[in-house]
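Peer 1: Sharing a structure, written as structure tokens. Questions coming.
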2 protein chains.
Amino acid sequence: MIQRLAIVGVGLLGGSVAKAARSAELAREIVGVGRDEARLCAPLHDGALDRATTNLEVGVRDADFVLLAVPVLAIEALLPRVWRAVADGVTVTDVGSTKAAIVRRADELSEGRALAFVGSHPMAGSEQSGYGAARTDLFRAATVVVTPTDRTEPHAVKAVTGFWEAMGARVSALDPETHDAVVAAISHLPHLVAYALVDGVARFEPAALELAARGFKDTTRIAASDPDVWAEIFQANRAPLAASLDAFRRALAELEHAITRGSAAELRAALARIKAARETIR
Amino acid sequence: MIQRLAIVGVGLLGGSVAKAARSAELAREIVGVGRDEARLCAPLHDGALDRATTNLEVGVRDADFVLLAVPVLAIEALLPRVWRAVADGVTVTDVGSTKAAIVRRADELSEGRALAFVGSHPMAGSEQSGYGAARTDLFRAATVVVTPTDRTEPHAVKAVTGFWEAMGARVSALDPETHDAVVAAISHLPHLVAYALVDGVARFEPAALELAARGFKDTTRIAASDPDVWAEIFQANRAPLAASLDAFRRALAELEHAITRGSAAELRAALARIKAARETIR
């Protein structure tokens with residue numbers, strides 16, 4: 001059992017971890033760290049947190065498990081302060097949607113002082129944000145990718161894997177670079193495309209939005225995602241995202257060619273092949 | 001009350017009309033027309049149809065209301081046969097997702113013999129297809145666009161509007177060309193983009209599909225749509241679709257530029273503007 005769990009950033013993900021950890025009795029005490037005192041009231045009030053502070057060093061000082069649940073660039077920026085503030089042997093993980101830069105930073109810091117760090121990416125979320133959207137069951141049946149490297153302490157992988165599994169998640173391991181390429185394809189690119197779909201219609205055919213039916217709504221739900229979070233993800237993962245965008249543009253151009261120049265049979269065959277691929281992930 | 005409702009094509013949409021019309025007691029008798037006898041067994045068996053035939057002329061001959069619910073190019077091709085086979089004064093409508101070509105064809109046929117034709121497009125559907133996916137409540141709270149022209153008989157608009165409203169739909173009227181531009185933006189383009197998203201990942205990063213989470217699934221749900229239906233829609237509406245695709249590509253290129261060259265603040269502002277546009281259609 002964790003004696004003191006410190007959660008830095010008590011929004012959708014950090015708040016859901018607080019609720020899930022409380023519900024599964026994973027920690028004796030849960031401390032929340034946030035920049036804005038007013039936003040820490042709700043999780044204190046409903047009992048997800050035992051204590052809250054706006055001071056990072058105070059919040060993590062006596063913790064034996066630290067979870068960083070702020071946007072990705074902020075995670076990278078906070079790591080050196082966390083490294084200095086925590087006690088020896090503390091387990092540290094994060095929830096960032098991109099991993100290579102964060103893990104590289106942690107590996108550099110480990111040269112000075114070995115801590116039990118391993119990166120995590122819970123593939124659960126919502127287009128909503130903030131503690132108000134946090135849910136006890138957010139990680140149930142979700143996939144969490146952990147990204148150990150050659151330098152990662154095996155007991156950190158074990159502790160962090162056990163932490164997510166106790167909240168109902170399935171854990172798989174990927175190296176950080178593979179992780180970033182995979183999430184560029186299946187998460188960051190769809191978000192970018194959803195934003196562009198909404199923007200194209202909103203700017204060039206705004207009256208059409210009134211008639212949007214279920215197809216448009218589902219396809220663009222994630223375009224209502226948190227701009228602060230996603231601006232950082234897109235910029236942090238720009239190279240893998242550019243590669244996925246390139247694959248997408250090629251596929252789109254080929255379909256367009258089949259529509260404008262191809263036969264009906266060719267187009268049908270292409271759509272049937274894609275439908276079959278989509279059905280493998282139902 | 002309709003004495004005999006003929007439904008040509010008893011799949012997802014035609015089957016749902018049969019079920020809804022039966023449930024709302026809109027017609028004394030419902031006749032289904034299909035190419036494949038075996039596929040007409042289920043709606044006959046469960047009572048959605050009273051009679052079924054594979055002969056178009058036989059099916060529509062004594063109907064006073066005819067609904068064409070086959071793919072869009074087939075609707076266009078069947079119209080002259082319907083025109084010859086039905087009695088005077090019969091109300092004819094369709095469920096095609098593109099309207100300009102179908103309505104133009106009907107207007108031409110009306111020069112020879114005036115029938116009560118008005119185009120319809122129920123903006124309801126599913127990535128599933130066939131009678132097995134048909135639902136009595138498919139049109140409840142859905143929008144149906146009707147597309148009358150200068151030549152359309154006012155009583156046809158009234159009859160067709162009343163027909164859809166009796167099944168729980170909201171009806172709005174658009175001219176056929178405006179309709180096609182609107183659905184290109186909010187329906188055909190999202191379908192095309194969803195197909196391209198799946199195809200890009202399936203071909204260039206296939207292992208990533210295994211980790212697809214809710215965002216990818218929602219964004220690409222419609223990429224499992226019926227290839228026969230969508231090949232015809234894309235090709236029938238290629239010009240308005242090309243215009244929407246152009247708007248989408250511009251929006252995507254601007255976002256990409258903000259990611260690779262812009263400041264974090266610029267990108268956040270763009271995403272926040274798009275989030276606000278998306279939230280208007282919740």
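To be explicit about the labels: the chains of the structure tokens are called A, B, and onward in the order shown, and within each one the residues are counted from 1, while ligands get numbers from 1 in the order they are shown.
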Let's see if you can do this: from backbone DSSP, list all helix (DSSP H, G or I) residues in region 23-231 of chain A, as a PyMOL selection string.

Peer 2: chain A and resi 23+37-45+56-60+72-85+100-112+131-133+154-166+176-204+206-211+214-224+227-231

Peer 1: Please dump the current selection as an mmCIF file, in the first residue's frame; keep C-alpha atoms.

Peer 2:
data_model
loop_
_atom_site.group_PDB
_atom_site.id
_atom_site.type_symbol
_atom_site.label_atom_id
_atom_site.label_comp_id
_atom_site.auth_asym_id
_atom_site.auth_seq_id
_atom_site.Cartn_x
_atom_site.Cartn_y
_atom_site.Cartn_z
ATOM 1 C CA SER A 23 -12.019 3.736 -4.213
ATOM 2 C CA GLU A 37 -6.274 26.851 -4.908
ATOM 3 C CA ALA A 38 -9.933 27.289 -5.879
ATOM 4 C CA ARG A 39 -9.750 24.266 -8.196
ATOM 5 C CA LEU A 40 -8.567 22.045 -5.352
ATOM 6 C CA CYS A 41 -11.712 22.680 -3.280
ATOM 7 C CA ALA A 42 -13.954 20.186 -5.060
ATOM 8 C CA PRO A 43 -11.654 17.121 -4.683
ATOM 9 C CA LEU A 44 -10.959 18.087 -1.052
ATOM 10 C CA HIS A 45 -14.631 18.543 -0.387
ATOM 11 C CA LEU A 56 4.993 21.475 -5.587
ATOM 12 C CA GLU A 57 7.902 20.819 -3.196
ATOM 13 C CA VAL A 58 5.627 20.639 -0.166
ATOM 14 C CA GLY A 59 3.211 18.370 -1.998
ATOM 15 C CA VAL A 60 5.737 15.757 -3.146
ATOM 16 C CA VAL A 72 3.089 17.293 -21.447
ATOM 17 C CA LEU A 73 5.413 20.294 -21.646
ATOM 18 C CA ALA A 74 4.688 21.082 -18.005
ATOM 19 C CA ILE A 75 5.606 17.499 -17.042
ATOM 20 C CA GLU A 76 8.985 17.932 -18.736
ATOM 21 C CA ALA A 77 9.512 21.275 -17.041
ATOM 22 C CA LEU A 78 8.553 20.000 -13.564
ATOM 23 C CA LEU A 79 10.697 16.861 -13.599
ATOM 24 C CA PRO A 80 13.930 18.513 -12.297
ATOM 25 C CA ARG A 81 12.020 20.105 -9.395
ATOM 26 C CA VAL A 82 10.390 16.787 -8.560
ATOM 27 C CA TRP A 83 13.791 15.077 -8.713
ATOM 28 C CA ARG A 84 15.213 17.538 -6.181
ATOM 29 C CA ALA A 85 12.198 17.505 -3.863
ATOM 30 C CA ALA A 100 10.083 10.320 -25.765
ATOM 31 C CA ALA A 101 11.002 13.806 -24.483
ATOM 32 C CA ILE A 102 9.714 13.193 -20.947
ATOM 33 C CA VAL A 103 11.493 9.855 -20.614
ATOM 34 C CA ARG A 104 14.703 11.283 -22.102
ATOM 35 C CA ARG A 105 14.590 14.033 -19.478
ATOM 36 C CA ALA A 106 14.030 11.515 -16.695
ATOM 37 C CA ASP A 107 16.914 9.370 -17.946
ATOM 38 C CA GLU A 108 19.210 12.432 -17.883
ATOM 39 C CA LEU A 109 18.108 13.276 -14.359
ATOM 40 C CA SER A 110 18.683 9.663 -13.304
ATOM 41 C CA GLU A 111 22.374 10.032 -14.090
ATOM 42 C CA GLY A 112 22.613 12.448 -11.168
ATOM 43 C CA TYR A 131 -11.895 17.747 -12.146
ATOM 44 C CA GLY A 132 -15.631 18.022 -12.852
ATOM 45 C CA ALA A 133 -15.191 15.402 -15.585
ATOM 46 C CA PRO A 154 12.623 -3.011 -12.774
ATOM 47 C CA HIS A 155 10.865 -2.403 -9.444
ATOM 48 C CA ALA A 156 9.546 0.929 -10.814
ATOM 49 C CA VAL A 157 7.932 -0.882 -13.754
ATOM 50 C CA LYS A 158 6.420 -3.361 -11.327
ATOM 51 C CA ALA A 159 5.095 -0.673 -8.971
ATOM 52 C CA VAL A 160 3.623 1.495 -11.730
ATOM 53 C CA THR A 161 2.119 -1.490 -13.576
ATOM 54 C CA GLY A 162 0.515 -2.675 -10.347
ATOM 55 C CA PHE A 163 -0.803 0.833 -9.672
ATOM 56 C CA TRP A 164 -2.690 1.026 -12.994
ATOM 57 C CA GLU A 165 -3.859 -2.583 -12.831
ATOM 58 C CA ALA A 166 -5.331 -1.956 -9.390
ATOM 59 C CA PRO A 176 9.035 5.674 -25.811
ATOM 60 C CA GLU A 177 9.693 6.317 -29.527
ATOM 61 C CA THR A 178 7.405 3.509 -30.694
ATOM 62 C CA HIS A 179 4.777 4.778 -28.287
ATOM 63 C CA ASP A 180 4.946 8.275 -29.771
ATOM 64 C CA ALA A 181 4.619 6.972 -33.343
ATOM 65 C CA VAL A 182 1.654 4.785 -32.388
ATOM 66 C CA VAL A 183 -0.262 7.517 -30.558
ATOM 67 C CA ALA A 184 0.477 9.983 -33.355
ATOM 68 C CA ALA A 185 -1.384 7.600 -35.681
ATOM 69 C CA ILE A 186 -4.313 6.566 -33.528
ATOM 70 C CA SER A 187 -4.836 9.542 -31.248
ATOM 71 C CA HIS A 188 -3.043 12.745 -32.223
ATOM 72 C CA LEU A 189 -3.835 12.548 -35.937
ATOM 73 C CA PRO A 190 -7.568 11.851 -35.371
ATOM 74 C CA HIS A 191 -7.682 14.837 -32.999
ATOM 75 C CA LEU A 192 -5.968 17.074 -35.540
ATOM 76 C CA VAL A 193 -8.261 15.883 -38.312
ATOM 77 C CA ALA A 194 -11.353 16.413 -36.150
ATOM 78 C CA TYR A 195 -10.263 19.981 -35.402
ATOM 79 C CA ALA A 196 -9.694 20.607 -39.128
ATOM 80 C CA LEU A 197 -13.080 19.108 -40.065
ATOM 81 C CA VAL A 198 -14.915 21.430 -37.695
ATOM 82 C CA ASP A 199 -12.823 24.415 -38.734
ATOM 83 C CA GLY A 200 -13.332 23.839 -42.463
ATOM 84 C CA VAL A 201 -17.106 23.708 -42.045
ATOM 85 C CA ALA A 202 -17.284 26.517 -39.471
ATOM 86 C CA ARG A 203 -15.323 28.887 -41.702
ATOM 87 C CA PHE A 204 -16.472 27.997 -45.200
ATOM 88 C CA PRO A 206 -21.129 27.698 -41.299
ATOM 89 C CA ALA A 207 -24.865 27.264 -41.975
ATOM 90 C CA ALA A 208 -24.221 23.555 -42.557
ATOM 91 C CA LEU A 209 -23.347 23.030 -38.892
ATOM 92 C CA GLU A 210 -27.028 23.348 -38.001
ATOM 93 C CA LEU A 211 -27.787 20.167 -39.922
ATOM 94 C CA ARG A 214 -24.686 11.748 -35.732
ATOM 95 C CA GLY A 215 -21.870 11.001 -38.194
ATOM 96 C CA PHE A 216 -20.439 14.495 -37.963
ATOM 97 C CA LYS A 217 -20.924 14.660 -34.203
ATOM 98 C CA ASP A 218 -19.110 11.393 -33.517
ATOM 99 C CA THR A 219 -16.336 12.137 -35.976
ATOM 100 C CA THR A 220 -15.685 15.559 -34.432
ATOM 101 C CA ARG A 221 -16.477 14.959 -30.745
ATOM 102 C CA ILE A 222 -12.776 15.138 -29.891
ATOM 103 C CA ALA A 223 -12.524 18.595 -31.526
ATOM 104 C CA ALA A 224 -14.021 19.901 -28.271
ATOM 105 C CA PRO A 227 -6.948 23.423 -26.251
ATOM 106 C CA ASP A 228 -4.176 23.797 -23.647
ATOM 107 C CA VAL A 229 -3.603 20.058 -23.405
ATOM 108 C CA TRP A 230 -3.758 19.448 -27.156
ATOM 109 C CA ALA A 231 -1.622 22.394 -28.234
#

Peer 1: Compile the contact shell of Leu138 (chain A) as a PyMOL selection string: residues with an atom at most 9 Å away, counting only C-alpha atoms, same-chain residues fewer than 3 positions apart removed.

Peer 2: chain A and resi 13+16-17+20+124-125+134-135+141-142+167-168

Peer 1: Return as a list of chain:residue names the full set of residues in region 45-161 of chain B whose backbone-based DSSP assignment is strand (DSSP E).

Peer 2: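 Filtering region 45-161 of chain B down to strand (DSSP E) leaves B:Arg51, B:Ala52, B:Thr53, B:Phe65, B:Val66, B:Leu67, B:Leu68, B:Thr91, B:Val92, B:Thr93, B:Asp94, B:Ala116, B:Phe117, B:Gly119, B:Ser120, B:His121, B:Pro122, B:Thr143, B:Val144, B:Val145, B:Val146, B:Thr147.
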
Peer 1: One number please: CA of Met1 (chain A) to CA of Ile30 (chain A), in Å, one decimal.

Peer 2: 12.0 Å

Peer 1: For CA of Phe117 (chain A) and CA of Gly130 (chain A), determine how far apart the two atoms are, in Å to one decimal place.

Peer 2: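 Computing it gives 25.5 Å between the two atoms.
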
Peer 1: Suppose you want the space between CA of Ala48 (chain A) and CA of Ala18 (chain A); what is it in Å?

Peer 2: 5.5 Å

Peer 1: Determine the nearest neighbour of chain A from the options B:Lys19, B:Asp137, B:Pro122, B:Thr149, counting only C-alpha atoms.

Peer 2: B:Pro122

Peer 1: Which residues are close to Pro148 (chain B), i.e. within 8 Å by only C-alpha atoms, leaving aside same-chain residues fewer than 6 positions away? Reply as a PDB file with C-alpha atoms, in the first residue's frame.

Peer 2:
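Saved to out.pdb:
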ATOM      1  CA  VAL B 118     -40.322  15.658 -53.972  1.00  0.00           C
ATOM      2  CA  GLY B 119     -36.852  14.564 -52.927  1.00  0.00           C
ATOM      3  CA  VAL B 157     -44.359  18.733 -50.295  1.00  0.00           C
ATOM      4  CA  ALA B 173     -36.610  22.406 -46.926  1.00  0.00           C
ATOM      5  CA  LEU B 174     -33.520  23.279 -48.976  1.00  0.00           C
ATOM      6  CA  ASP B 175     -33.039  23.648 -52.699  1.00  0.00           C
ATOM      7  CA  PRO B 176     -31.261  20.552 -54.077  1.00  0.00           C
TER       8      PRO B 176
END

Peer 1: Using only C-alpha atoms, pick whichever of A:Val66, A:Ala27, A:Ala277, A:Val144 has the shortest atom-to-atom distance to Ala116 (chain A).

Peer 2: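 For Ala116 (chain A), the nearest of the given residues is A:Val66.
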
Peer 1: Between B:Ser172, B:Met123, B:Thr147, B:Val95, which is the closest to chain A once you count only C-alpha atoms?

Peer 2: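 Comparing B:Ser172, B:Met123, B:Thr147, B:Val95 against chain A, the winner is B:Met123.
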